[in-house]
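Enquirer: The file below is start39.pdb, PDB, C-alpha atoms:
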ATOM      1  CA  MET L   1       1.619  11.788  60.854
ATOM      2  CA  PRO L   2       3.865  13.914  58.601
ATOM      3  CA  ARG L   3       2.280  15.961  55.896
ATOM      4  CA  GLU L   4       2.839  14.946  52.283
ATOM      5  CA  SER L   5       5.124  17.320  50.470
ATOM      6  CA  SER L   6       3.700  16.664  47.027
ATOM      7  CA  PRO L   7       0.378  18.181  46.019
ATOM      8  CA  ARG L   8      -2.661  15.906  46.054
ATOM      9  CA  ARG L   9      -3.969  14.776  42.712
ATOM     10  CA  SER L  10      -7.596  15.145  41.794
ATOM     11  CA  PRO L  11      -8.827  11.734  40.683
ATOM     12  CA  SER L  12     -11.178  13.084  38.037
ATOM     13  CA  HIS L  13      -9.014  15.710  36.377
ATOM     14  CA  GLY L  14      -5.439  14.672  36.984
ATOM     15  CA  THR L  15      -4.534  18.122  38.293
ATOM     16  CA  SER L  16      -3.289  18.956  41.715
ATOM     17  CA  ALA L  17      -5.519  20.411  44.397
ATOM     18  CA  VAL L  18      -3.118  23.369  44.528
ATOM     19  CA  ASP L  19      -3.653  23.975  40.804
ATOM     20  CA  ASN L  20      -7.427  23.807  41.272
ATOM     21  CA  ARG L  21      -7.303  26.388  44.067
ATOM     22  CA  GLY L  22      -5.191  28.693  41.915
ATOM     23  CA  ALA L  23      -7.596  28.371  39.007
ATOM     24  CA  ALA L  24     -10.543  29.007  41.325
ATOM     25  CA  ARG L  25      -8.849  32.128  42.689
ATOM     26  CA  THR L  26      -8.107  33.400  39.196
ATOM     27  CA  GLY L  27     -11.700  32.696  38.198
ATOM     28  CA  ALA L  28     -12.956  34.662  41.184
ATOM     29  CA  ARG L  29     -10.584  37.550  40.395
ATOM     30  CA  VAL L  30     -11.696  37.781  36.770
ATOM     31  CA  ARG L  31     -15.359  37.771  37.782
ATOM     32  CA  ARG L  32     -14.721  40.432  40.441
ATOM     33  CA  ALA L  33     -13.019  42.585  37.795
ATOM     34  CA  ALA L  34     -15.945  42.054  35.405
ATOM     35  CA  PHE L  35     -18.555  43.061  37.985
ATOM     36  CA  ALA L  36     -16.479  46.008  39.228
ATOM     37  CA  LEU L  37     -16.045  47.557  35.792
ATOM     38  CA  PRO L  38     -19.629  48.867  35.368
ATOM     39  CA  THR L  39     -19.300  50.567  38.767
ATOM     40  CA  GLY L  40     -16.309  52.541  37.493
ATOM     41  CA  ASP L  41     -13.597  50.408  39.098
ATOM     42  CA  ASP L  42     -11.162  49.550  36.319
ATOM     43  CA  THR L  43      -8.162  48.862  38.583
ATOM     44  CA  HIS L  44      -8.077  45.161  37.688
ATOM     45  CA  LEU L  45      -8.060  45.484  33.896
ATOM     46  CA  ASP L  46      -4.287  45.298  33.676
ATOM     47  CA  ASP L  47      -4.211  42.002  35.586
ATOM     48  CA  THR L  48      -3.476  38.868  33.628
ATOM     49  CA  PHE L  49      -6.363  36.425  33.447
ATOM     50  CA  GLU L  50      -5.056  33.909  30.884
ATOM     51  CA  SER L  51      -5.311  31.086  33.434
ATOM     52  CA  ALA L  52      -8.955  31.888  34.239
ATOM     53  CA  ASP L  53     -11.711  29.699  32.877
ATOM     54  CA  VAL L  54     -13.199  30.641  29.530
ATOM     55  CA  ARG L  55     -16.546  31.763  31.003
ATOM     56  CA  GLY L  56     -14.810  34.143  33.396
ATOM     57  CA  ARG L  57     -12.728  35.649  30.607
ATOM     58  CA  TRP L  58     -15.852  35.980  28.450
ATOM     59  CA  LEU L  59     -17.642  37.808  31.277
ATOM     60  CA  LEU L  60     -14.784  40.298  31.539
ATOM     61  CA  VAL L  61     -14.803  40.883  27.778
ATOM     62  CA  LEU L  62     -18.572  41.413  27.881
ATOM     63  CA  ALA L  63     -18.217  43.898  30.750
ATOM     64  CA  ARG L  64     -15.632  45.863  28.780
ATOM     65  CA  CYS L  65     -17.943  46.325  25.771
ATOM     66  CA  GLY L  66     -19.051  49.929  25.734
ATOM     67  CA  PHE L  67     -16.502  51.043  28.333
ATOM     68  CA  SER L  68     -13.245  50.191  26.615
ATOM     69  CA  ALA L  69     -12.401  48.107  23.608
ATOM     70  CA  PRO L  70     -11.913  44.498  24.632
ATOM     71  CA  PRO L  71      -8.633  43.029  23.389
ATOM     72  CA  ALA L  72      -9.341  41.772  19.868
ATOM     73  CA  ARG L  73      -7.158  38.682  20.282
ATOM     74  CA  VAL L  74      -9.149  37.586  23.344
ATOM     75  CA  LEU L  75     -12.504  38.445  21.796
ATOM     76  CA  ASP L  76     -11.699  36.549  18.600
ATOM     77  CA  ALA L  77     -10.368  33.480  20.446
ATOM     78  CA  LEU L  78     -13.338  32.973  22.784
ATOM     79  CA  PRO L  79     -15.782  31.320  20.333
ATOM     80  CA  ALA L  80     -13.156  28.740  19.334
ATOM     81  CA  GLU L  81     -12.363  28.001  22.986
ATOM     82  CA  PHE L  82     -16.032  27.417  23.775
ATOM     83  CA  ARG L  83     -16.362  25.256  20.649
ATOM     84  CA  ALA L  84     -13.342  23.179  21.687
ATOM     85  CA  ALA L  85     -14.938  22.678  25.110
ATOM     86  CA  GLY L  86     -18.201  21.561  23.484
ATOM     87  CA  ASP L  87     -20.094  24.516  24.974
ATOM     88  CA  GLY L  88     -22.499  25.650  22.248
ATOM     89  CA  ARG L  89     -24.235  28.207  24.450
ATOM     90  CA  GLY L  90     -20.873  29.661  25.466
ATOM     91  CA  GLU L  91     -19.862  29.902  21.815
ATOM     92  CA  ALA L  92     -23.156  31.648  21.044
ATOM     93  CA  ALA L  93     -22.619  34.079  23.933
ATOM     94  CA  ALA L  94     -19.097  34.854  22.716
ATOM     95  CA  LEU L  95     -20.401  35.531  19.202
ATOM     96  CA  SER L  96     -23.098  37.768  20.673
ATOM     97  CA  THR L  97     -20.384  39.689  22.509
ATOM     98  CA  ARG L  98     -18.458  40.043  19.248
ATOM     99  CA  ALA L  99     -21.646  41.448  17.689
ATOM    100  CA  THR L 100     -21.983  43.932  20.570
ATOM    101  CA  SER L 101     -18.384  45.011  20.126
ATOM    102  CA  ALA L 102     -19.008  45.461  16.393
ATOM    103  CA  VAL L 103     -21.820  47.923  17.183
ATOM    104  CA  TYR L 104     -19.402  50.156  19.084
ATOM    105  CA  GLU L 105     -16.879  49.917  16.255
ATOM    106  CA  GLY L 106     -19.506  50.689  13.601
ATOM    107  CA  ASP L 107     -18.801  47.410  11.758
ATOM    108  CA  PHE L 108     -22.332  46.483  10.751
ATOM    109  CA  ALA L 109     -21.282  43.568   8.535
ATOM    110  CA  ALA L 110     -19.560  41.929  11.524
ATOM    111  CA  LEU L 111     -22.550  42.792  13.688
ATOM    112  CA  ARG L 112     -24.924  40.941  11.380
ATOM    113  CA  ARG L 113     -22.607  37.984  10.796
ATOM    114  CA  ASN L 114     -21.900  37.427  14.502
ATOM    115  CA  ALA L 115     -25.478  38.089  15.641
ATOM    116  CA  GLU L 116     -26.940  35.639  13.116
ATOM    117  CA  SER L 117     -24.378  32.965  13.997
ATOM    118  CA  SER L 118     -25.083  33.529  17.683
ATOM    119  CA  ALA L 119     -28.847  33.236  17.204
ATOM    120  CA  ASP L 120     -28.422  30.019  15.213
ATOM    121  CA  LEU L 121     -26.220  28.507  17.917
ATOM    122  CA  PHE L 122     -28.557  29.539  20.730
ATOM    123  CA  ALA L 123     -31.449  27.935  18.847
ATOM    124  CA  ALA L 124     -29.454  24.753  18.227
ATOM    125  CA  ALA L 125     -28.033  24.451  21.752
ATOM    126  CA  PRO L 126     -30.897  25.081  24.164
ATOM    127  CA  ARG L 127     -30.172  25.010  27.850
ATOM    128  CA  PRO L 128     -31.166  21.640  29.296
ATOM    129  CA  GLY L 129     -34.107  21.829  31.662
ATOM    130  CA  SER L 130     -35.006  25.369  30.680
ATOM    131  CA  PRO L 131     -38.728  26.100  31.032
ATOM    132  CA  TYR L 132     -38.490  28.182  27.867
ATOM    133  CA  VAL L 133     -37.348  25.309  25.696
ATOM    134  CA  PRO L 134     -39.956  22.701  24.861
ATOM    135  CA  SER L 135     -38.901  19.224  25.845
ATOM    136  CA  ALA L 136     -39.308  16.250  23.557
ATOM    137  CA  PRO L 137     -43.022  15.556  23.080
ATOM    138  CA  SER L 138     -44.311  12.473  24.862
ATOM    139  CA  GLY L 139     -47.409  12.096  22.729
ATOM    140  CA  PRO L 140     -49.214  13.741  19.846
ATOM    141  CA  PRO L 141     -48.720  17.482  19.585
ATOM    142  CA  ALA L 142     -51.264  19.514  21.502
ATOM    143  CA  ALA L 143     -53.536  21.914  19.672
ATOM    144  CA  PRO L 144     -52.494  25.530  20.104
ATOM    145  CA  GLU L 145     -54.419  27.421  22.747
ATOM    146  CA  PRO L 146     -56.605  30.308  21.572
ATOM    147  CA  ALA L 147     -55.308  33.797  22.118
ATOM    148  CA  GLN L 148     -56.098  35.114  25.592
ATOM    149  CA  ARG L 149     -56.045  38.815  24.789
ATOM    150  CA  PRO L 150     -59.029  40.415  23.092
ATOM    151  CA  ARG L 151     -58.325  42.053  19.788
ATOM    152  CA  LEU L 152     -58.097  45.819  20.079
ATOM    153  CA  PRO L 153     -59.935  47.878  17.467
ATOM    154  CA  ARG L 154     -57.843  49.500  14.790
ATOM    155  CA  PRO L 155     -57.892  53.295  14.653
ATOM    156  CA  SER L 156     -60.055  53.160  11.512
ATOM    157  CA  GLU L 157     -62.617  51.000  13.351
ATOM    158  CA  HIS L 158     -62.846  53.193  16.432
ATOM    159  CA  ARG L 159     -65.396  55.925  16.003
ATOM    160  CA  PRO L 160     -66.623  57.812  19.064
ATOM    161  CA  GLU L 161     -70.389  57.980  19.437
ATOM    162  CA  PRO L 162     -71.736  61.460  18.757
ATOM    163  CA  VAL L 163     -73.130  63.420  21.700
ATOM    164  CA  PRO L 164     -76.807  64.348  21.158
ATOM    165  CA  ALA L 165     -77.462  68.068  20.754
ATOM    166  CA  GLY L 166     -78.239  69.876  23.974
ATOM    167  CA  GLU L 167     -76.588  67.367  26.311
ATOM    168  CA  PRO L 168     -73.357  68.357  28.009
ATOM    169  CA  GLU L 169     -70.257  66.466  27.038
ATOM    170  CA  ALA L 170     -68.650  64.253  29.628
ATOM    171  CA  GLY L 171     -66.120  66.118  31.668
ATOM    172  CA  PRO L 172     -65.520  67.455  35.110
ATOM    173  CA  PRO L 173     -68.660  68.196  37.132
ATOM    174  CA  ALA L 174     -69.983  71.728  36.999
ATOM    175  CA  PRO L 175     -69.401  73.799  40.147
TER     176      PRO L 175
END
Translate the structure of the given file into structure tokens.
Expert:
Amino acid sequence: MPRESSPRRSPSHGTSAVDNRGAARTGARVRRAAFALPTGDDTHLDDTFESADVRGRWLLVLARCGFSAPPARVLDALPAEFRAAGDGRGEAAALSTRATSAVYEGDFAALRRNAESSADLFAAAPRPGSPYVPSAPSGPPAAPEPAQRPRLPRPSEHRPEPVPAGEPEAGPPAP
């Protein structure tokens, strides 16, 4: 049977299988560049990654923080791209990366603004199924459990007992 000359269409996305493979390859390349950067390999930074998925591009921008200044146009566009995709956690991560970049630039107003926005978004968009996020209660709220750690004495409360006169103080044994 002869092979079809036109690319196959993905029923769910309306894109060709060839396009999906190209996007997957670009996504893999951008992630490889991101993970190579902290090892000192910056040979892939000049590559173009515009066709990579937004999470891959974010990872590369995050990896560049502290090593080289991430491109401002990419860094500023990421939160809006995540927002458009309906990815609140991705938007929060992008804002956190902007806050990290602001630290290296010494822009403390941007640091605070982006960090607070990021924290608000992370709190509002918890990861589904995370063990760290309480699920919806199925009954009345449980009473809080008592603290498990004993309270340590404060320095003002800790007074060593005096050693009676004539007794040797604790220390290494005498020879």
Enquirer: Check what the PyMOL selection byres ((chain L and resi 58) around 12) selects in the file above and give those residues as an MDAnalysis selection string.
Expert: chainID L and resid 27 30:31 33:34 49:50 52:57 59:65 70:71 74:82 90:98
Enquirer: Could you list the residues chosen by the PyMOL selection byres ((chain L and resi 102) around 12) in this structure as a list in words?
Expert: Cys65, Gly66, Ala69, Pro70, Ala72, Leu75, Asp76, Leu95, Ser96, Thr97, Arg98, Ala99, Thr100, Ser101, Val103, Tyr104, Glu105, Gly106, Asp107, Phe108, Ala109, Ala110, Leu111, Arg112, Arg113, Asn114 and Ala115 of chain L
Enquirer: Could you save those same residues with C-alpha atoms as a PDB file, in the coordinates of the input?
Expert:
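out-v9.pdb, written as the output of this step:
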ATOM      1  CA  CYS L  65     -17.943  46.325  25.771  1.00  0.00           C
ATOM      2  CA  GLY L  66     -19.051  49.929  25.734  1.00  0.00           C
ATOM      3  CA  ALA L  69     -12.401  48.107  23.608  1.00  0.00           C
ATOM      4  CA  PRO L  70     -11.913  44.498  24.632  1.00  0.00           C
ATOM      5  CA  ALA L  72      -9.341  41.772  19.868  1.00  0.00           C
ATOM      6  CA  LEU L  75     -12.504  38.445  21.796  1.00  0.00           C
ATOM      7  CA  ASP L  76     -11.699  36.549  18.600  1.00  0.00           C
ATOM      8  CA  LEU L  95     -20.401  35.531  19.202  1.00  0.00           C
ATOM      9  CA  SER L  96     -23.098  37.768  20.673  1.00  0.00           C
ATOM     10  CA  THR L  97     -20.384  39.689  22.509  1.00  0.00           C
ATOM     11  CA  ARG L  98     -18.458  40.043  19.248  1.00  0.00           C
ATOM     12  CA  ALA L  99     -21.646  41.448  17.689  1.00  0.00           C
ATOM     13  CA  THR L 100     -21.983  43.932  20.570  1.00  0.00           C
ATOM     14  CA  SER L 101     -18.384  45.011  20.126  1.00  0.00           C
ATOM     15  CA  VAL L 103     -21.820  47.923  17.183  1.00  0.00           C
ATOM     16  CA  TYR L 104     -19.402  50.156  19.084  1.00  0.00           C
ATOM     17  CA  GLU L 105     -16.879  49.917  16.255  1.00  0.00           C
ATOM     18  CA  GLY L 106     -19.506  50.689  13.601  1.00  0.00           C
ATOM     19  CA  ASP L 107     -18.801  47.410  11.758  1.00  0.00           C
ATOM     20  CA  PHE L 108     -22.332  46.483  10.751  1.00  0.00           C
ATOM     21  CA  ALA L 109     -21.282  43.568   8.535  1.00  0.00           C
ATOM     22  CA  ALA L 110     -19.560  41.929  11.524  1.00  0.00           C
ATOM     23  CA  LEU L 111     -22.550  42.792  13.688  1.00  0.00           C
ATOM     24  CA  ARG L 112     -24.924  40.941  11.380  1.00  0.00           C
ATOM     25  CA  ARG L 113     -22.607  37.984  10.796  1.00  0.00           C
ATOM     26  CA  ASN L 114     -21.900  37.427  14.502  1.00  0.00           C
ATOM     27  CA  ALA L 115     -25.478  38.089  15.641  1.00  0.00           C
TER      28      ALA L 115
END
Enquirer: Write out as a PDB file with C-alpha atoms, in the frame of the given file each polymer residue whose atoms come within 10 Å of L:Asp42, counting only C-alpha atoms; drop sequence neighbours fewer than 4 positions from it.
Expert:
ATOM      1  CA  ALA L  33     -13.019  42.585  37.795  1.00  0.00           C
ATOM      2  CA  ALA L  34     -15.945  42.054  35.405  1.00  0.00           C
ATOM      3  CA  PHE L  35     -18.555  43.061  37.985  1.00  0.00           C
ATOM      4  CA  ALA L  36     -16.479  46.008  39.228  1.00  0.00           C
ATOM      5  CA  LEU L  37     -16.045  47.557  35.792  1.00  0.00           C
ATOM      6  CA  PRO L  38     -19.629  48.867  35.368  1.00  0.00           C
ATOM      7  CA  ASP L  46      -4.287  45.298  33.676  1.00  0.00           C
ATOM      8  CA  ARG L  64     -15.632  45.863  28.780  1.00  0.00           C
ATOM      9  CA  PHE L  67     -16.502  51.043  28.333  1.00  0.00           C
ATOM     10  CA  SER L  68     -13.245  50.191  26.615  1.00  0.00           C
TER      11      SER L  68
END
Enquirer: Residue by residue, what does the PyMOL selection byres ((chain L and resi 121) around 9) grab here? Present the result as number ranges by chain.
Expert: L: 88-89, 91-93, 116-120, 122-126
Enquirer: So how many Å separate atom CA of L:Ala24 and atom CA of L:His44, to one decimal?
Expert: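 Distance between the two atoms: 16.7 Å.
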Enquirer: For L:Arg21, which residue among L:Ser51, L:Arg73, L:Gly86, L:Ala165 is the nearest when counting only C-alpha atoms?
Expert: L:Ser51
